[in-house]
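Novice: Take a look at this one; I'll ask things after.
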Amino acid sequence: MTYTDTRNPSVKTDFASAVTLGMNAATGGLYIPCSYPRLPDSLLSGASVPPFFDVALETAKLYAGDEIPPRNLKAIIADAYPFDAPLVRLADETSVLELFHGPTCAFKDFGARFMARVMSYFNRNADRRLHILVATSGDTGSAVGSAFYQVPGLDVTILYPAGKISPLQEKQLSTFDGNIRALKVSGTFDDCQKLVKTAFTDDALRAALRLSSANSINISRLLPQSFYYIHSSLALRAALAEEDRVDDVVIMVVPSGNFGNLTSGLIAREMGAPIDGFVAATNANKTVPDWLASGNYEPRPSVPTLSNAMDVGAPSNYERIAAMYSLEQARRLCAACWLDDAGTLEAIRECGERSGYLLDPHGAVAWQAWSDLRPQAGSDARVRRGTITNIPEWHDKLAGRKANGVILETAHPAKFSETVQKACGRNAPLPERLAKVLALPERATQMPNDYAQFREWLRDNLD
Ligand SMILES: *Cc1c(COP(=O)(O)O)cnc(C)c1O
């Protein structure tokens with residue numbers, strides 16, 4: 001597979017370079033595949049729903065081409081995904097796709113674990129270790145730390161702002177040993193990011209240490225997220241066929257911040273996954289819903305909300321969506337909705353009451369968007385809480401009850417127990433893997449917000 005970049009289509013590069021470089025420093029653009037190959041018919045129209053592993057392997061083969069031999073790709077996928085993504089039917093027209101069964105209980109495990117193993121593969125013949133530096137405001141640090149833990153040839157240094165992340169988040173990123181280190185910086189997230197950026201532009205340091213980043217714009221985090229869209233849409237189609245509902249449409253409802261998850265869904269659809277449309281669901285950071293309504297893309301500073309992993313005012317993957325589709329095409333595919341914090345609490349409460357299912361605040365934003373888009377008549381009448389900014393043609397199918405929404409549940413509700421408790425007076429039990437982390441000793445090193453001292457620490461502790 002050949003990759004190009006969002007800003008200059010004459011750029012051509014291979015998978016290894018796209019993964020290793022992360023973005024194209026010369027243009028500032030993001031890597032995207034030059035084309036979206038069609039999935040094999042054996043997957044799309046086989047007699048039974050293929051296992052998640054088969055979907056992941058066949059899809060990954062198309063993007064890795066001959067750069068990773070099938071035997072190695074198999075090992076990468078088996079090691080990355082000892083868990084899967086179950087689809088839970090809540091009601092006739094609504095399902096939840098649970099993406100929190102990985103080690104950190106959030107969907108970022110799918111992207112980060114694949115990225116770590118692919119980077120390790122491409123680094124296999126290097127004679128020096130590759131050092132990943134990552135600044136985090138909470139969730140990315142734990143997903144990246146966990147994904148790279150004990151992966152050969154690589155290590156990770158996580159910088160996080162002291163006192164500015166939740167106690168659970170802090171435990172999740174500061175309790176590793178071995179190749180993952182955490183620095184607790186006396187400063188803000190922006191200070192952490194500045195320390196990392198300064199290190200990347202420090203030529204003397206880079207001559208001594210091989211440095212890299214693992215941020216969310218890396219194409220190797222995006223492609224594996226298409227696995228669960230493909231797998232779940234095939235599973236839902238098979239269930240609908242059994243119910244004589246082959247003409248129904250399948251709509252993916254995606255709680256979005258940086259829009260990496262939604263972009264992965266668009267890629268899955270381009271490859272032939274049986275998906276008819278999407279709902280771009282955001283919190284008050286509604287840059288993309290506003291773009292679909294007005295046609296003007298206006299990035300802005302982010303505002304804090306209860307679904308804080310989606311607090312993004314300038315979503316980086318907008319650039320990929322705009323490279324894939326015209327505004328009109330995007331409008332035909334994606335409905336758009338946004339919801340405030342009061343609505344998010346109400347959504348957690350109402351979904352719990354209606355179906356007994358406990359959502360986290362991110363999934364709740366998506367659930368409410370789906371509820372708002374559905375007809376509000378008769379005994380099924382519901383309170384509309386969010387704002388709809390774009391309605392595609394497929395919306396007609398909702399009136400005839402021939403549309404099936406798949407709510408992507410991106411985190412386990414126990415990670416946001418305070419909000420969930422406030423919304424509905426009960427809590428999700430803490431999964432064992434989170435309870436275990438809470439019991440581990442914190443190993444973070446204190447770090448002043450000072451580049452000279454950070455640099456000295458890197459030189460003393462990394463090789
Ligand atoms: C990162 C994150 C999101 C947003 O995903 P994007 O790919 O940035 O749109 C949603 N929910 C949770 C729990 C997340 O951690």
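Just remember, in the structure tokens the first chain shown is A, the second B, etc., residues are 1-based per chain, and ligands are 1-based in the order shown.
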If you count only C-alpha atoms and all ligand atoms, which residues end up within 8 Å of ligand 1, as a ChimeraX atom specification?
Specialist: /A:106-108,139-140,216,254-263,307-310,312,315,362-363,409-412
Novice: Would you pick out the contacts of Ile251 in chain A at 12 Å or less, using only C-alpha atoms, so that residues sharing its chain but fewer than 2 positions from it are not included, and give the list as an mmCIF file with N, CA and C atoms, in the first residue's frame?
Specialist:
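Done, and the output landed in selection.cif:
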```
data_model
loop_
_atom_site.group_PDB
_atom_site.id
_atom_site.type_symbol
_atom_site.label_atom_id
_atom_site.label_comp_id
_atom_site.auth_asym_id
_atom_site.auth_seq_id
_atom_site.Cartn_x
_atom_site.Cartn_y
_atom_site.Cartn_z
ATOM 1 N N GLU A 93 -33.945 -1.380 17.669
ATOM 2 C CA GLU A 93 -33.231 -0.507 16.730
ATOM 3 C C GLU A 93 -31.976 0.122 17.316
ATOM 4 N N THR A 94 -31.570 -0.338 18.469
ATOM 5 C CA THR A 94 -30.406 0.261 19.116
ATOM 6 C C THR A 94 -29.490 -0.808 19.697
ATOM 7 N N SER A 95 -28.211 -0.726 19.342
ATOM 8 C CA SER A 95 -27.214 -1.632 19.928
ATOM 9 C C SER A 95 -26.080 -0.802 20.518
ATOM 10 N N VAL A 96 -25.318 -1.433 21.399
ATOM 11 C CA VAL A 96 -24.125 -0.789 21.939
ATOM 12 C C VAL A 96 -22.913 -1.630 21.549
ATOM 13 N N LEU A 97 -21.916 -0.985 20.978
ATOM 14 C CA LEU A 97 -20.668 -1.677 20.667
ATOM 15 C C LEU A 97 -19.687 -1.362 21.796
ATOM 16 N N TYR A 229 -15.407 -1.728 13.399
ATOM 17 C CA TYR A 229 -16.552 -1.291 12.570
ATOM 18 C C TYR A 229 -16.940 -2.408 11.591
ATOM 19 N N SER A 232 -18.427 -5.487 13.618
ATOM 20 C CA SER A 232 -19.752 -5.285 14.220
ATOM 21 C C SER A 232 -20.828 -5.062 13.165
ATOM 22 N N SER A 233 -20.470 -4.401 12.042
ATOM 23 C CA SER A 233 -21.504 -4.191 11.018
ATOM 24 C C SER A 233 -21.878 -5.530 10.378
ATOM 25 N N LEU A 236 -24.110 -7.326 12.937
ATOM 26 C CA LEU A 236 -25.469 -6.780 13.001
ATOM 27 C C LEU A 236 -26.263 -7.142 11.747
ATOM 28 N N ARG A 237 -25.619 -7.068 10.576
ATOM 29 C CA ARG A 237 -26.294 -7.477 9.325
ATOM 30 C C ARG A 237 -26.796 -8.916 9.407
ATOM 31 N N ASP A 248 -33.049 -2.898 6.165
ATOM 32 C CA ASP A 248 -32.738 -1.884 7.183
ATOM 33 C C ASP A 248 -31.376 -1.238 6.907
ATOM 34 N N VAL A 249 -31.215 0.009 7.365
ATOM 35 C CA VAL A 249 -29.889 0.634 7.270
ATOM 36 C C VAL A 249 -29.165 0.492 8.614
ATOM 37 N N VAL A 253 -23.004 5.398 15.483
ATOM 38 C CA VAL A 253 -23.164 6.636 16.242
ATOM 39 C C VAL A 253 -21.904 6.823 17.090
ATOM 40 N N VAL A 254 -21.103 7.849 16.744
ATOM 41 C CA VAL A 254 -19.725 7.906 17.238
ATOM 42 C C VAL A 254 -19.489 9.136 18.132
ATOM 43 N N LEU A 262 -14.225 8.289 14.227
ATOM 44 C CA LEU A 262 -15.162 8.407 13.111
ATOM 45 C C LEU A 262 -14.453 8.210 11.765
ATOM 46 N N GLY A 265 -14.174 4.689 10.955
ATOM 47 C CA GLY A 265 -15.445 4.155 10.470
ATOM 48 C C GLY A 265 -15.640 4.457 8.992
ATOM 49 N N LEU A 266 -15.259 5.656 8.579
ATOM 50 C CA LEU A 266 -15.370 6.026 7.162
ATOM 51 C C LEU A 266 -14.473 5.127 6.317
ATOM 52 N N ARG A 269 -16.093 1.741 5.894
ATOM 53 C CA ARG A 269 -17.169 1.798 4.901
ATOM 54 C C ARG A 269 -16.599 1.821 3.481
ATOM 55 N N ALA A 273 -17.441 -2.404 4.277
ATOM 56 C CA ALA A 273 -18.229 -2.764 5.457
ATOM 57 C C ALA A 273 -19.663 -2.260 5.255
ATOM 58 N N PRO A 274 -20.667 -3.085 5.598
ATOM 59 C CA PRO A 274 -22.064 -2.710 5.314
ATOM 60 C C PRO A 274 -22.610 -1.649 6.276
ATOM 61 N N ILE A 275 -22.100 -0.432 6.122
ATOM 62 C CA ILE A 275 -22.498 0.701 6.967
ATOM 63 C C ILE A 275 -23.131 1.749 6.053
ATOM 64 N N ASP A 276 -24.317 2.261 6.421
ATOM 65 C CA ASP A 276 -25.021 3.208 5.555
ATOM 66 C C ASP A 276 -24.799 4.663 5.935
ATOM 67 N N GLY A 277 -24.471 4.899 7.194
ATOM 68 C CA GLY A 277 -24.288 6.286 7.599
ATOM 69 C C GLY A 277 -23.683 6.372 8.983
ATOM 70 N N PHE A 278 -23.417 7.600 9.404
ATOM 71 C CA PHE A 278 -22.773 7.860 10.697
ATOM 72 C C PHE A 278 -23.492 8.999 11.397
ATOM 73 N N VAL A 279 -23.363 9.020 12.717
ATOM 74 C CA VAL A 279 -23.751 10.207 13.459
ATOM 75 C C VAL A 279 -22.491 10.721 14.149
ATOM 76 N N ALA A 280 -22.107 11.959 13.831
ATOM 77 C CA ALA A 280 -20.991 12.609 14.518
ATOM 78 C C ALA A 280 -21.581 13.263 15.755
ATOM 79 N N LEU A 333 -23.410 11.577 4.294
ATOM 80 C CA LEU A 333 -23.061 10.405 5.107
ATOM 81 C C LEU A 333 -23.346 10.598 6.591
ATOM 82 N N CYS A 334 -23.035 11.793 7.095
ATOM 83 C CA CYS A 334 -22.975 11.983 8.547
ATOM 84 C C CYS A 334 -24.045 12.940 9.061
ATOM 85 N N ALA A 335 -24.921 12.430 9.933
ATOM 86 C CA ALA A 335 -25.734 13.340 10.728
ATOM 87 C C ALA A 335 -24.814 13.943 11.783
ATOM 88 N N ALA A 366 -23.417 9.949 22.594
ATOM 89 C CA ALA A 366 -23.846 9.264 21.362
ATOM 90 C C ALA A 366 -25.270 8.727 21.513
ATOM 91 N N ALA A 369 -27.756 11.421 21.023
ATOM 92 C CA ALA A 369 -27.843 11.851 19.617
ATOM 93 C C ALA A 369 -28.772 10.906 18.854
ATOM 94 N N TRP A 370 -28.618 9.617 19.069
ATOM 95 C CA TRP A 370 -29.460 8.624 18.386
ATOM 96 C C TRP A 370 -30.913 8.776 18.813
ATOM 97 N N LEU A 373 -32.453 11.831 17.163
ATOM 98 C CA LEU A 373 -32.693 11.714 15.724
ATOM 99 C C LEU A 373 -33.932 10.887 15.418
ATOM 100 N N PRO A 392 -28.973 13.796 7.163
ATOM 101 C CA PRO A 392 -28.845 13.224 5.822
ATOM 102 C C PRO A 392 -30.139 12.538 5.380
ATOM 103 N N TRP A 394 -30.672 9.404 4.709
ATOM 104 C CA TRP A 394 -30.977 8.119 5.347
ATOM 105 C C TRP A 394 -31.877 8.271 6.562
ATOM 106 N N HIS A 395 -32.031 9.510 7.029
ATOM 107 C CA HIS A 395 -32.872 9.768 8.193
ATOM 108 C C HIS A 395 -34.314 9.320 7.957
ATOM 109 N N LYS A 397 -35.370 6.682 6.885
ATOM 110 C CA LYS A 397 -35.536 5.292 7.309
ATOM 111 C C LYS A 397 -35.914 5.184 8.783
ATOM 112 N N LEU A 398 -35.605 6.205 9.562
ATOM 113 C CA LEU A 398 -35.916 6.138 10.986
ATOM 114 C C LEU A 398 -37.418 6.159 11.220
ATOM 115 N N LYS A 402 -36.734 1.499 10.200
ATOM 116 C CA LYS A 402 -35.842 0.639 9.420
ATOM 117 C C LYS A 402 -34.401 1.126 9.500
ATOM 118 N N ALA A 403 -34.074 1.708 10.637
ATOM 119 C CA ALA A 403 -32.691 2.156 10.833
ATOM 120 C C ALA A 403 -32.185 1.619 12.160
ATOM 121 N N ASN A 404 -30.983 1.076 12.132
ATOM 122 C CA ASN A 404 -30.391 0.505 13.341
ATOM 123 C C ASN A 404 -29.174 1.306 13.757
ATOM 124 N N GLY A 405 -29.211 1.840 14.966
ATOM 125 C CA GLY A 405 -28.087 2.627 15.458
ATOM 126 C C GLY A 405 -27.154 1.770 16.289
ATOM 127 N N VAL A 406 -25.873 1.908 16.027
ATOM 128 C CA VAL A 406 -24.866 1.246 16.861
ATOM 129 C C VAL A 406 -24.143 2.339 17.647
ATOM 130 N N ILE A 407 -24.386 2.362 18.964
ATOM 131 C CA ILE A 407 -23.759 3.368 19.825
ATOM 132 C C ILE A 407 -22.362 2.871 20.188
ATOM 133 N N LEU A 408 -21.319 3.619 19.850
ATOM 134 C CA LEU A 408 -19.974 3.196 20.231
ATOM 135 C C LEU A 408 -19.716 3.619 21.682
#
```
Novice: Hey, what's within 9 Å of range 183-193 of chain A if we count only C-alpha atoms and toss same-chain stuff fewer than 4 positions away? As a list in words, please?
Specialist: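 Counting only C-alpha atoms, the residues come to Val134, Ala135, Thr136, Ser137, Thr157, Ile158, Leu159, Tyr160, Pro161, Ala162, Gly163, Lys164, Ser174, Lys197, Thr198, Arg443, Ala444, Thr445, Gln446, Met447, Pro448 and Asn449 of chain A.
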Novice: One decimal, Å: what's the distance from CA of Ala281 in chain A over to CA of Arg300 in chain A, could you say?
Specialist: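 Separation of CA of Ala281 in chain A and CA of Arg300 in chain A: 17.4 Å.
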Novice: Just checking: using only C-alpha atoms, which residue out of A:Gly356, A:Gly141, A:Gly386, A:Pro33 ends up closest to Ala342 in chain A?
Specialist: A:Gly386
Novice: Measuring atom to atom with only C-alpha atoms, identify which of A:Asn296, A:Asp14, A:Asp54, A:Ala112 is nearest to Glu67 in chain A.
Specialist: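 Among the listed residues, A:Asp14 lies closest to Glu67 in chain A.
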Novice: Please provide as a PyMOL selection string all residues within 10 Å of Thr6 in chain A, with the sequence filter that same-chain residues fewer than 4 positions apart are discarded (counting only C-alpha atoms).
Specialist: chain A and resi 10-11+23-24+27-33+319-324
Novice: Excluding Phe122 in chain A and any residue of its chain fewer than 3 positions from it, enumerate the residues within 9 Å of it, using only C-alpha atoms, and give them as number ranges by chain.
Specialist: A: 16, 19-20, 67-68, 117-119, 125-126
Novice: Would you pick out the contacts of range 419-429 of chain A at 12 Å or less, using only C-alpha atoms, so that residues sharing its chain but fewer than 4 positions from it are not included, and give the list as an mmCIF file with N, CA, C and O atoms, in the first residue's frame?
Specialist:
```cif
data_model
loop_
_atom_site.group_PDB
_atom_site.id
_atom_site.type_symbol
_atom_site.label_atom_id
_atom_site.label_comp_id
_atom_site.auth_asym_id
_atom_site.auth_seq_id
_atom_site.Cartn_x
_atom_site.Cartn_y
_atom_site.Cartn_z
ATOM 1 N N THR A 305 -15.708 19.688 29.637
ATOM 2 C CA THR A 305 -17.027 19.070 29.795
ATOM 3 C C THR A 305 -16.901 17.781 30.609
ATOM 4 O O THR A 305 -15.794 17.360 30.942
ATOM 5 N N LEU A 306 -18.028 17.134 30.863
ATOM 6 C CA LEU A 306 -18.031 15.857 31.586
ATOM 7 C C LEU A 306 -17.449 14.726 30.739
ATOM 8 O O LEU A 306 -16.917 13.757 31.275
ATOM 9 N N SER A 307 -17.571 14.829 29.415
ATOM 10 C CA SER A 307 -16.972 13.808 28.540
ATOM 11 C C SER A 307 -15.623 14.349 28.074
ATOM 12 O O SER A 307 -15.426 14.702 26.923
ATOM 13 N N ASN A 308 -14.676 14.409 29.031
ATOM 14 C CA ASN A 308 -13.466 15.226 28.814
ATOM 15 C C ASN A 308 -12.505 14.676 27.760
ATOM 16 O O ASN A 308 -11.684 15.406 27.241
ATOM 17 N N ASP A 341 -23.562 19.365 29.117
ATOM 18 C CA ASP A 341 -23.344 18.485 30.273
ATOM 19 C C ASP A 341 -24.646 18.067 30.955
ATOM 20 O O ASP A 341 -24.783 16.915 31.389
ATOM 21 N N ALA A 342 -25.604 18.995 31.055
ATOM 22 C CA ALA A 342 -26.882 18.640 31.700
ATOM 23 C C ALA A 342 -27.539 17.519 30.909
ATOM 24 O O ALA A 342 -28.062 16.548 31.480
ATOM 25 N N GLY A 343 -27.508 17.624 29.586
ATOM 26 C CA GLY A 343 -28.079 16.592 28.728
ATOM 27 C C GLY A 343 -27.349 15.269 28.884
ATOM 28 O O GLY A 343 -27.958 14.193 28.825
ATOM 29 N N THR A 344 -26.050 15.323 29.087
ATOM 30 C CA THR A 344 -25.245 14.108 29.242
ATOM 31 C C THR A 344 -25.668 13.349 30.504
ATOM 32 O O THR A 344 -25.844 12.119 30.489
ATOM 33 N N LEU A 345 -25.862 14.092 31.607
ATOM 34 C CA LEU A 345 -26.309 13.452 32.857
ATOM 35 C C LEU A 345 -27.694 12.824 32.671
ATOM 36 O O LEU A 345 -27.942 11.691 33.088
ATOM 37 N N GLU A 346 -28.585 13.564 32.004
ATOM 38 C CA GLU A 346 -29.937 13.050 31.765
ATOM 39 C C GLU A 346 -29.903 11.800 30.888
ATOM 40 O O GLU A 346 -30.683 10.865 31.068
ATOM 41 N N ALA A 347 -29.002 11.789 29.917
ATOM 42 C CA ALA A 347 -28.907 10.640 29.013
ATOM 43 C C ALA A 347 -28.457 9.390 29.777
ATOM 44 O O ALA A 347 -28.995 8.298 29.573
ATOM 45 N N ILE A 348 -27.488 9.539 30.669
ATOM 46 C CA ILE A 348 -27.033 8.389 31.467
ATOM 47 C C ILE A 348 -28.218 7.854 32.290
ATOM 48 O O ILE A 348 -28.469 6.645 32.330
ATOM 49 N N ARG A 349 -28.954 8.796 32.903
ATOM 50 C CA ARG A 349 -30.091 8.393 33.730
ATOM 51 C C ARG A 349 -31.179 7.710 32.896
ATOM 52 O O ARG A 349 -31.640 6.608 33.220
ATOM 53 N N GLU A 350 -31.541 8.322 31.762
ATOM 54 C CA GLU A 350 -32.657 7.779 30.991
ATOM 55 C C GLU A 350 -32.312 6.429 30.352
ATOM 56 O O GLU A 350 -33.147 5.515 30.345
ATOM 57 N N CYS A 351 -31.115 6.304 29.837
ATOM 58 C CA CYS A 351 -30.747 5.025 29.231
ATOM 59 C C CYS A 351 -30.765 3.937 30.302
ATOM 60 O O CYS A 351 -31.254 2.828 30.063
ATOM 61 N N GLY A 352 -30.274 4.260 31.489
ATOM 62 C CA GLY A 352 -30.305 3.295 32.598
ATOM 63 C C GLY A 352 -31.728 2.892 32.929
ATOM 64 O O GLY A 352 -32.036 1.711 33.132
ATOM 65 N N GLU A 353 -32.639 3.873 32.966
ATOM 66 C CA GLU A 353 -34.038 3.576 33.299
ATOM 67 C C GLU A 353 -34.722 2.752 32.218
ATOM 68 O O GLU A 353 -35.476 1.833 32.490
ATOM 69 N N GLY A 356 -31.721 -0.448 31.481
ATOM 70 C CA GLY A 356 -30.874 -1.037 32.512
ATOM 71 C C GLY A 356 -29.395 -0.953 32.187
ATOM 72 O O GLY A 356 -28.558 -1.440 32.937
ATOM 73 N N TYR A 357 -29.059 -0.323 31.053
ATOM 74 C CA TYR A 357 -27.661 -0.279 30.631
ATOM 75 C C TYR A 357 -27.000 1.002 31.148
ATOM 76 O O TYR A 357 -27.502 2.102 30.937
ATOM 77 N N LEU A 358 -25.859 0.845 31.804
ATOM 78 C CA LEU A 358 -25.155 1.991 32.373
ATOM 79 C C LEU A 358 -24.087 2.491 31.397
ATOM 80 O O LEU A 358 -23.150 1.775 31.068
ATOM 81 N N LEU A 359 -24.262 3.729 30.921
ATOM 82 C CA LEU A 359 -23.317 4.309 29.951
ATOM 83 C C LEU A 359 -22.284 5.176 30.658
ATOM 84 O O LEU A 359 -22.552 5.713 31.733
ATOM 85 N N ASP A 360 -21.137 5.364 30.043
ATOM 86 C CA ASP A 360 -20.175 6.361 30.514
ATOM 87 C C ASP A 360 -20.561 7.698 29.849
ATOM 88 O O ASP A 360 -21.372 7.709 28.924
ATOM 89 N N PRO A 361 -20.004 8.830 30.291
ATOM 90 C CA PRO A 361 -20.437 10.117 29.726
ATOM 91 C C PRO A 361 -20.178 10.258 28.219
ATOM 92 O O PRO A 361 -20.913 10.997 27.552
ATOM 93 N N HIS A 362 -19.170 9.576 27.674
ATOM 94 C CA HIS A 362 -18.893 9.697 26.234
ATOM 95 C C HIS A 362 -19.937 8.933 25.420
ATOM 96 O O HIS A 362 -20.519 9.463 24.480
ATOM 97 N N GLY A 363 -20.170 7.685 25.824
ATOM 98 C CA GLY A 363 -21.211 6.898 25.164
ATOM 99 C C GLY A 363 -22.577 7.562 25.300
ATOM 100 O O GLY A 363 -23.419 7.476 24.396
ATOM 101 N N ALA A 364 -22.796 8.246 26.437
ATOM 102 C CA ALA A 364 -24.091 8.893 26.660
ATOM 103 C C ALA A 364 -24.349 10.002 25.639
ATOM 104 O O ALA A 364 -25.492 10.206 25.202
ATOM 105 N N ALA A 411 -15.719 4.025 26.601
ATOM 106 C CA ALA A 411 -15.034 3.823 27.885
ATOM 107 C C ALA A 411 -15.948 3.073 28.835
ATOM 108 O O ALA A 411 -17.183 3.124 28.700
ATOM 109 N N HIS A 412 -15.354 2.400 29.803
ATOM 110 C CA HIS A 412 -16.144 1.715 30.826
ATOM 111 C C HIS A 412 -16.697 2.765 31.800
ATOM 112 O O HIS A 412 -15.963 3.665 32.215
ATOM 113 N N PRO A 413 -17.985 2.656 32.177
ATOM 114 C CA PRO A 413 -18.563 3.681 33.064
ATOM 115 C C PRO A 413 -17.830 3.803 34.406
ATOM 116 O O PRO A 413 -17.826 4.894 35.006
ATOM 117 N N ALA A 414 -17.181 2.745 34.860
ATOM 118 C CA ALA A 414 -16.490 2.821 36.157
ATOM 119 C C ALA A 414 -15.320 3.806 36.128
ATOM 120 O O ALA A 414 -14.865 4.266 37.171
ATOM 121 N N LYS A 415 -14.843 4.154 34.922
ATOM 122 C CA LYS A 415 -13.765 5.136 34.847
ATOM 123 C C LYS A 415 -14.270 6.540 35.172
ATOM 124 O O LYS A 415 -13.479 7.444 35.393
ATOM 125 N N ARG A 433 -9.373 -5.451 36.364
ATOM 126 C CA ARG A 433 -8.089 -4.921 35.896
ATOM 127 C C ARG A 433 -7.856 -3.484 36.361
ATOM 128 O O ARG A 433 -6.715 -3.054 36.506
ATOM 129 N N LEU A 434 -8.948 -2.729 36.604
ATOM 130 C CA LEU A 434 -8.767 -1.378 37.147
ATOM 131 C C LEU A 434 -8.515 -1.436 38.645
ATOM 132 O O LEU A 434 -7.699 -0.689 39.185
ATOM 133 N N ALA A 435 -9.208 -2.339 39.339
ATOM 134 C CA ALA A 435 -9.023 -2.482 40.782
ATOM 135 C C ALA A 435 -7.570 -2.866 41.088
ATOM 136 O O ALA A 435 -6.969 -2.354 42.038
#
```
Novice: Considering only strand (DSSP E or B) as DSSP defines it on the backbone, what residues of range 211-396 of chain A qualify? List them as a list in words.
Specialist: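 Here is the list: Leu211, Ser212, Val249, Val250, Ile251, Met252, Val253, Val254, Pro255, Gly277, Phe278, Val279, Ala280, Ala281, Thr282, Cys334, Ala335, Ala336, Cys337, Trp338, Thr387, Ile388, Thr389 and Asn390 of chain A.
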